[in-house]
Amino acid sequence: MSAADPVPEGWPDRAARAALVPDPQGGGGRLQPLAEDGTPTGPAARAADVWAAVAAVEARGTAPRWVWAAADSGYTPMLPGRVTRCHDLALTEALLVAHDGAFGQPRSLGAAWARLHGLPVPDDLGVGADSGDQDSLFAPDRLQLPPGTDPLTAVVAVHADQQRRVAALDDSDGTKARFRLLVAAESAGGLVAAEMAYGGLPWRNDVHDALLADKLGPRPVTRGALPAKLAETAQRLQEALGGRPFNADSHAQVIKAFADQGVRLASTRTRHLREIDHPAAEILIHYKELSRLHAAHGWAWQDAWVRGGRFRPEYVVGGVVSGRWAGRGGGALQIPRILRGAVVADPGWCLVVADASQVEPRVLAALSRDAGLARTAAEGDLYQALAAEAFGGDRDQAKLGLLGAMYGQTSGDIGPLLATLRRRYPAAMGYVEAAARTGEDGGLVRSVLGRTCPPPSAEWLDRTEGLEPGADRADRADDDVARSARSRGRFTRNFVIQASAADWALVLLAVLRGRLHDEAAPARLVFFQHDEIVVHAPKELAERVAELITESADEAKRLTFGQTPVRLPMVPTIVESYADAK
DNA sequence: TACAATGACACA
DNA sequence: TACGTGTGTCATTGTA
């Protein structure tokens, strides 16, 4: 090995896994080869340039699964370099702790280390918090380890412990294998999230500006001044309500202004306003539209979140209890439809946008193995098929009934619809109703891959204390206890579906990431929102990318649910602008 | 002055 | 009588 070889001296030709700890400063770091179960298979090695060492090991084509404390310290500094796979200790710790019924516990390396050694568990100051300055990013105390603890020792020990805890899981019916898949997919999610945050979503400020100018008028020169059309609308609103000045952003003042005109408003919600017969109502609806655009996605938003033609939000993997991602900053997961026109592919490139249709009822069909519903979900339009089979062809009724069953709706005229569904699809309805009962009794439910819902809060347990668990818990007289029980039942009923859908989407993301790299580089994932993905790809690769998405969706279905007749279609469209998708 | 709660609306 | 689940962000308003 020459002195220039970035692979550390003595590094083995193959390793199943490798622990990786960058130095706090200077770009060096240490790595250690590990067996699948976490046992070291060689001595720790030092690399003067740790990211070059990782890249060189990856380049051999036999890359280990890199084990690191968390993606922000373990991976983000390496970008745009790439690794094939990883084991993210923080994300895995959260999954394992939740599986044990203790939710929301600190998940930093230090927290996991402390649990392992029976020490007081430190809070998660570092993991997932604002990245702060670069120095603190690598500081050992960010890992929340006790002073003097060697981070590499901790990474190796915590990883071995996690592998042991996974190995100790119930092994009936493939449970353990599915949880391993969950750990791998969650970790891959950490890679994708870091890569998407690094790469950003193509964003055309000029298109965005034109849209803002059209709706709001030109950008005000004075900071904080209202744009012309917004001010003008507020003025018209005031005149329509008698001319006395009031703040149109204040619900209380708006309600009072209407009351002065003899119009009683229960609230200022748009849907209530639509029913109000007064000229000011329409103006107020218009004002709210403009005001929201200005406040949430106006010029200030653009200044804060768009740089160099890219919108750069941060994604929080596992940020939602169901396993969906959360966003931090810029409202990445709430890009309103009217703004999607600003998401435009670079010249010579395109966007491949794919959306999973009717994913939740399909997931229910796959989860519950209800033969009838699975047959229905083998069709292209599930609701239409359901309508034909059980609702006399009425698609709206079919959709209403099924959504109501999945969300625990009881109000409205939904009773007869639920009765029909129960009769026709006993296994599927039994599945969600069992999940609801478990929740009402304070129990835990899990997604198909084993992600576990939070346990009831202490306050909830307090309130329902003294009541025997059982079917009548939620059926009692209408008191607080029954209300709490039913509320948690709705949550767990929905959790099994939403979380299993998130499992599938995460596996899809992991599979697609690999295929894009292998077969469609330099195409990149640039956006992911629960059941929708956007890939930015050179035009000549667009068709191939679309195929890869479809294939990845099938592969994810097979991995997540096994053999099932249910279809989980991911429908790709090739566009230049996000607004043109669908 | 700073923070939390509230209402509203955006997304799946 | 009631109440479909999750999330983030903003402006206003009330409280410490």
# chains A, B, ... in the order shown; residues from 1 in each chain; ligands from 1

$ residues_around --residues "Glu389 in chain A" --least-positions-apart "4" --cutoff "9 Å" --atoms "only C-alpha atoms (C1' of nucleotides)" --output "mmCIF file with all heavy atoms, in the first residue's frame"
data_model
loop_
_atom_site.group_PDB
_atom_site.id
_atom_site.type_symbol
_atom_site.label_atom_id
_atom_site.label_comp_id
_atom_site.auth_asym_id
_atom_site.auth_seq_id
_atom_site.Cartn_x
_atom_site.Cartn_y
_atom_site.Cartn_z
ATOM 1 N N THR A 376 -60.308 -6.392 -4.302
ATOM 2 C CA THR A 376 -60.700 -5.037 -4.695
ATOM 3 C C THR A 376 -59.464 -4.165 -4.931
ATOM 4 O O THR A 376 -59.412 -3.381 -5.874
ATOM 5 C CB THR A 376 -61.555 -4.415 -3.575
ATOM 6 O OG1 THR A 376 -62.636 -5.301 -3.293
ATOM 7 C CG2 THR A 376 -62.102 -3.071 -3.977
ATOM 8 N N GLN A 384 -63.566 2.720 -6.922
ATOM 9 C CA GLN A 384 -64.541 2.343 -7.941
ATOM 10 C C GLN A 384 -64.873 0.858 -7.821
ATOM 11 O O GLN A 384 -66.036 0.453 -7.886
ATOM 12 C CB GLN A 384 -63.971 2.648 -9.340
ATOM 13 C CG GLN A 384 -64.988 2.518 -10.450
ATOM 14 C CD GLN A 384 -66.188 3.446 -10.245
ATOM 15 O OE1 GLN A 384 -66.015 4.666 -10.145
ATOM 16 N NE2 GLN A 384 -67.371 2.881 -10.153
ATOM 17 N N ALA A 385 -63.816 0.051 -7.625
ATOM 18 C CA ALA A 385 -64.031 -1.382 -7.488
ATOM 19 C C ALA A 385 -64.849 -1.695 -6.232
ATOM 20 O O ALA A 385 -65.741 -2.542 -6.250
ATOM 21 C CB ALA A 385 -62.679 -2.106 -7.430
ATOM 22 N N GLY A 393 -72.306 0.773 -6.870
ATOM 23 C CA GLY A 393 -71.687 1.629 -7.875
ATOM 24 C C GLY A 393 -71.433 3.062 -7.424
ATOM 25 O O GLY A 393 -70.897 3.861 -8.184
ATOM 26 N N ARG A 424 -68.910 -7.190 4.389
ATOM 27 C CA ARG A 424 -68.194 -7.631 3.191
ATOM 28 C C ARG A 424 -66.717 -7.912 3.445
ATOM 29 O O ARG A 424 -66.130 -8.752 2.764
ATOM 30 C CB ARG A 424 -68.306 -6.573 2.078
ATOM 31 C CG ARG A 424 -69.721 -6.308 1.648
ATOM 32 C CD ARG A 424 -70.327 -7.553 0.984
ATOM 33 N NE ARG A 424 -69.771 -7.805 -0.319
ATOM 34 C CZ ARG A 424 -70.394 -7.539 -1.457
ATOM 35 N NH1 ARG A 424 -71.587 -7.011 -1.432
ATOM 36 N NH2 ARG A 424 -69.829 -7.821 -2.604
#

$ residues_around --residues "DC9 in chain B" --least-positions-apart "6" --cutoff "10 Å" --atoms "only C-alpha atoms (C1' of nucleotides)" --output "VMD selection string"
(chain A and resid 269 to 270 288 to 289 292) or (chain C and resid 9 to 10)

$ write_last_selection --atoms "N, CA and C atoms (P, O5', C5', C4', C3', O3' and C1' of nucleotides)" --output "PDB file, in the first residue's frame"
ATOM      1  N   ARG A 269     -63.292  31.064   9.739  1.00  0.00           N
ATOM      2  CA  ARG A 269     -62.887  30.034   8.788  1.00  0.00           C
ATOM      3  C   ARG A 269     -63.480  30.290   7.414  1.00  0.00           C
ATOM      4  N   THR A 270     -62.671  29.988   6.418  1.00  0.00           N
ATOM      5  CA  THR A 270     -63.096  30.219   5.042  1.00  0.00           C
ATOM      6  C   THR A 270     -64.396  29.478   4.730  1.00  0.00           C
ATOM      7  N   LYS A 288     -57.468  36.643   2.988  1.00  0.00           N
ATOM      8  CA  LYS A 288     -56.785  35.574   3.709  1.00  0.00           C
ATOM      9  C   LYS A 288     -55.869  34.780   2.775  1.00  0.00           C
ATOM     10  N   GLU A 289     -56.328  34.549   1.568  1.00  0.00           N
ATOM     11  CA  GLU A 289     -55.496  33.848   0.589  1.00  0.00           C
ATOM     12  C   GLU A 289     -54.185  34.589   0.347  1.00  0.00           C
ATOM     13  N   ARG A 292     -51.915  34.823   3.466  1.00  0.00           N
ATOM     14  CA  ARG A 292     -51.211  33.580   3.766  1.00  0.00           C
ATOM     15  C   ARG A 292     -50.029  33.368   2.807  1.00  0.00           C
TER      16      ARG A 292
ATOM     17  P    DT C   9     -41.785  24.686  10.349  1.00  0.00           P
ATOM     18  O5'  DT C   9     -42.860  25.835  10.145  1.00  0.00           O
ATOM     19  C5'  DT C   9     -43.307  26.111   8.833  1.00  0.00           C
ATOM     20  C4'  DT C   9     -44.240  27.292   8.882  1.00  0.00           C
ATOM     21  C3'  DT C   9     -43.758  28.415   9.822  1.00  0.00           C
ATOM     22  O3'  DT C   9     -43.668  29.603   9.064  1.00  0.00           O
ATOM     23  C1'  DT C   9     -46.030  27.855  10.229  1.00  0.00           C
ATOM     24  P    DC C  10     -42.992  30.868   9.702  1.00  0.00           P
ATOM     25  O5'  DC C  10     -44.225  31.851   9.856  1.00  0.00           O
ATOM     26  C5'  DC C  10     -45.013  32.168   8.714  1.00  0.00           C
ATOM     27  C4'  DC C  10     -46.343  32.694   9.183  1.00  0.00           C
ATOM     28  C3'  DC C  10     -46.208  33.809  10.212  1.00  0.00           C
ATOM     29  O3'  DC C  10     -46.466  35.046   9.577  1.00  0.00           O
ATOM     30  C1'  DC C  10     -47.927  32.233  10.790  1.00  0.00           C
TER      31       DC C  10
END

$ interface_residues --of "chain C" --to "chain A" --cutoff "7 Å" --atoms "only C-alpha atoms (C1' of nucleotides)" --output "number ranges by chain"
C: 4-5, 7-12

$ residues_around --residues "Leu273 in chain A" --least-positions-apart "4" --cutoff "8 Å" --atoms "only C-alpha atoms (C1' of nucleotides)" --output "VMD selection string"
chain A and resid 265 268 to 269 281 to 282 285

$ closest_atom_pairs --of "chain B" --to "chain A" --cutoff "12 Å" --atoms "only C-alpha atoms (C1' of nucleotides)" --output "JSON lines"
{"residue": "B:DT6", "atom": "C1'", "partner": "A:His251", "partner_atom": "CA", "distance": 10.5}
{"residue": "B:DG7", "atom": "C1'", "partner": "A:His251", "partner_atom": "CA", "distance": 7.9}
{"residue": "B:DA8", "atom": "C1'", "partner": "A:Arg269", "partner_atom": "CA", "distance": 6.8}
{"residue": "B:DC9", "atom": "C1'", "partner": "A:Arg292", "partner_atom": "CA", "distance": 8.2}
{"residue": "B:DA10", "atom": "C1'", "partner": "A:Gln334", "partner_atom": "CA", "distance": 5.6}
{"residue": "B:DC11", "atom": "C1'", "partner": "A:Gln334", "partner_atom": "CA", "distance": 4.3}
{"residue": "B:DA12", "atom": "C1'", "partner": "A:His530", "partner_atom": "CA", "distance": 5.8}

$ atom_distance --atom1 "CA of Val363 in chain A" --atom2 "CA of Ala501 in chain A"
6.1 Å

$ select_by_dssp --residues "range 202-247 of chain A" --states "alpha helix (DSSP H)" --output "VMD selection string"
chain A and resid 205 to 216 228 to 240

$ write_last_selection --atoms "C-alpha atoms" --output "CSV table (one decimal), in the first residue's frame"
chain,number,residue,atom,x,y,z
A,205,ASN,CA,-36.9,32.5,-8.0
A,206,ASP,CA,-38.0,34.3,-11.1
A,207,VAL,CA,-41.1,32.1,-11.5
A,208,HIS,CA,-41.8,32.5,-7.8
A,209,ASP,CA,-41.4,36.3,-8.1
A,210,ALA,CA,-43.7,36.5,-11.0
A,211,LEU,CA,-46.3,34.6,-9.2
A,212,LEU,CA,-46.0,36.8,-6.1
A,213,ALA,CA,-46.1,40.0,-8.2
A,214,ASP,CA,-49.2,38.7,-10.0
A,215,LYS,CA,-51.1,38.0,-6.7
A,216,LEU,CA,-49.6,40.6,-4.4
A,228,ALA,CA,-49.9,46.9,-2.7
A,229,LYS,CA,-52.6,44.4,-3.6
A,230,LEU,CA,-52.8,43.1,0.0
A,231,ALA,CA,-53.1,46.6,1.4
A,232,GLU,CA,-55.7,47.4,-1.2
A,233,THR,CA,-57.7,44.3,-0.3
A,234,ALA,CA,-57.6,45.2,3.4
A,235,GLN,CA,-58.8,48.6,2.5
A,236,ARG,CA,-61.7,47.3,0.5
A,237,LEU,CA,-62.6,44.9,3.3
A,238,GLN,CA,-62.7,47.8,5.7
A,239,GLU,CA,-64.9,49.8,3.5
A,240,ALA,CA,-67.3,46.9,3.0

$ residues_around --residues "range 189-200 of chain A" --least-positions-apart "2" --cutoff "8 Å" --atoms "only C-alpha atoms (C1' of nucleotides)" --output "list in words"
Ala71, Asp72, Tyr75, Thr76, Leu79, Pro80, Cys86, Asp88, Ala185, Glu186, Ser187, Pro202, Arg310, Phe311, Arg312, Pro313, Glu314, Tyr315, Val316, Val317, Leu506, Leu509, Ala510, Arg513, Leu525, Val526 and Phe527 of chain A

$ write_last_selection --atoms "N, CA, C and O atoms" --output "compact mmCIF listing (two decimals), in the first residue's frame"
# COMPACT_ATOMS: atom_id res chain seq x y z
N ALA A 71 -26.55 10.66 11.28
CA ALA A 71 -26.16 11.08 9.94
C ALA A 71 -25.57 12.49 9.92
O ALA A 71 -24.70 12.79 9.12
N ASP A 72 -26.02 13.37 10.82
CA ASP A 72 -25.53 14.75 10.71
C ASP A 72 -24.03 14.83 10.97
O ASP A 72 -23.33 15.59 10.31
N TYR A 75 -22.40 11.57 8.27
CA TYR A 75 -22.55 11.53 6.81
C TYR A 75 -22.54 12.91 6.15
O TYR A 75 -21.85 13.11 5.14
N THR A 76 -23.29 13.84 6.74
CA THR A 76 -23.40 15.16 6.12
C THR A 76 -22.03 15.77 5.76
O THR A 76 -21.89 16.33 4.67
N LEU A 79 -20.68 14.68 2.27
CA LEU A 79 -21.37 15.01 1.02
C LEU A 79 -20.59 16.04 0.21
O LEU A 79 -19.94 16.89 0.79
N PRO A 80 -20.62 15.94 -1.14
CA PRO A 80 -21.45 15.07 -1.95
C PRO A 80 -20.91 13.65 -2.14
O PRO A 80 -21.38 12.95 -3.03
N CYS A 86 -25.84 2.24 5.61
CA CYS A 86 -25.36 2.58 6.95
C CYS A 86 -26.30 2.00 8.00
O CYS A 86 -27.39 1.51 7.70
N ASP A 88 -27.68 3.67 11.41
CA ASP A 88 -27.73 4.93 12.15
C ASP A 88 -28.13 4.62 13.60
O ASP A 88 -29.26 4.21 13.87
N ALA A 185 -34.05 0.40 6.55
CA ALA A 185 -34.76 1.42 5.77
C ALA A 185 -34.72 2.77 6.47
O ALA A 185 -34.54 3.82 5.83
N GLU A 186 -34.88 2.75 7.78
CA GLU A 186 -34.82 4.02 8.53
C GLU A 186 -33.43 4.65 8.38
O GLU A 186 -33.30 5.86 8.17
N SER A 187 -32.40 3.80 8.45
CA SER A 187 -31.04 4.31 8.29
C SER A 187 -30.83 4.86 6.89
O SER A 187 -30.21 5.91 6.70
N PRO A 202 -34.81 21.98 -6.91
CA PRO A 202 -34.68 23.05 -7.90
C PRO A 202 -35.78 24.08 -7.73
O PRO A 202 -36.96 23.70 -7.67
N ARG A 310 -31.88 26.65 -5.38
CA ARG A 310 -32.36 25.45 -4.68
C ARG A 310 -33.08 25.84 -3.39
O ARG A 310 -32.58 26.68 -2.63
N PHE A 311 -34.21 25.22 -3.16
CA PHE A 311 -34.91 25.33 -1.88
C PHE A 311 -34.30 24.28 -0.97
O PHE A 311 -34.25 23.10 -1.32
N ARG A 312 -33.80 24.73 0.18
CA ARG A 312 -33.05 23.82 1.04
C ARG A 312 -33.69 23.66 2.42
O ARG A 312 -33.28 24.31 3.38
N PRO A 313 -34.67 22.82 2.51
CA PRO A 313 -35.25 22.54 3.82
C PRO A 313 -34.45 21.44 4.52
O PRO A 313 -33.56 20.85 3.93
N GLU A 314 -34.78 21.22 5.77
CA GLU A 314 -34.19 20.11 6.49
C GLU A 314 -35.27 19.08 6.71
O GLU A 314 -36.42 19.42 6.96
N TYR A 315 -34.91 17.83 6.65
CA TYR A 315 -35.89 16.76 6.88
C TYR A 315 -35.55 16.07 8.19
O TYR A 315 -34.39 15.87 8.52
N VAL A 316 -36.57 15.68 8.92
CA VAL A 316 -36.37 14.99 10.19
C VAL A 316 -36.91 13.57 10.04
O VAL A 316 -38.12 13.34 10.07
N VAL A 317 -36.00 12.64 9.83
CA VAL A 317 -36.40 11.24 9.63
C VAL A 317 -37.02 10.72 10.92
O VAL A 317 -36.48 10.93 12.01
N LEU A 506 -40.74 4.19 2.94
CA LEU A 506 -39.33 4.27 3.32
C LEU A 506 -38.50 3.19 2.62
O LEU A 506 -37.40 3.45 2.14
N LEU A 509 -38.02 4.21 -0.89
CA LEU A 509 -37.00 5.24 -0.99
C LEU A 509 -35.60 4.61 -0.98
O LEU A 509 -34.73 4.98 -1.77
N ALA A 510 -35.43 3.66 -0.07
CA ALA A 510 -34.12 3.01 0.05
C ALA A 510 -33.78 2.23 -1.22
O ALA A 510 -32.66 2.30 -1.73
N ARG A 513 -33.16 4.68 -4.14
CA ARG A 513 -31.86 5.36 -4.02
C ARG A 513 -30.75 4.50 -4.62
O ARG A 513 -29.89 4.99 -5.36
N LEU A 525 -32.80 11.92 -6.12
CA LEU A 525 -34.02 12.20 -5.36
C LEU A 525 -33.92 13.63 -4.84
O LEU A 525 -32.91 14.00 -4.23
N VAL A 526 -34.95 14.43 -5.10
CA VAL A 526 -34.90 15.80 -4.59
C VAL A 526 -36.07 16.14 -3.67
O VAL A 526 -36.06 17.19 -3.02
N PHE A 527 -37.06 15.27 -3.60
CA PHE A 527 -38.19 15.57 -2.74
C PHE A 527 -38.91 14.29 -2.36
O PHE A 527 -39.01 13.35 -3.16

$ atom_distance --atom1 "CA of Leu145 in chain A" --atom2 "CA of Pro8 in chain A"
26.2 Å

$ residues_around --residues "DA2 in chain B" --least-positions-apart "2" --cutoff "12 Å" --atoms "only C-alpha atoms (C1' of nucleotides)" --output "ChimeraX atom specification"
/B:4 /C:15-16

$ atom_distance --atom1 "CA of Pro106 in chain A" --atom2 "CA of Pro151 in chain A"
17.2 Å
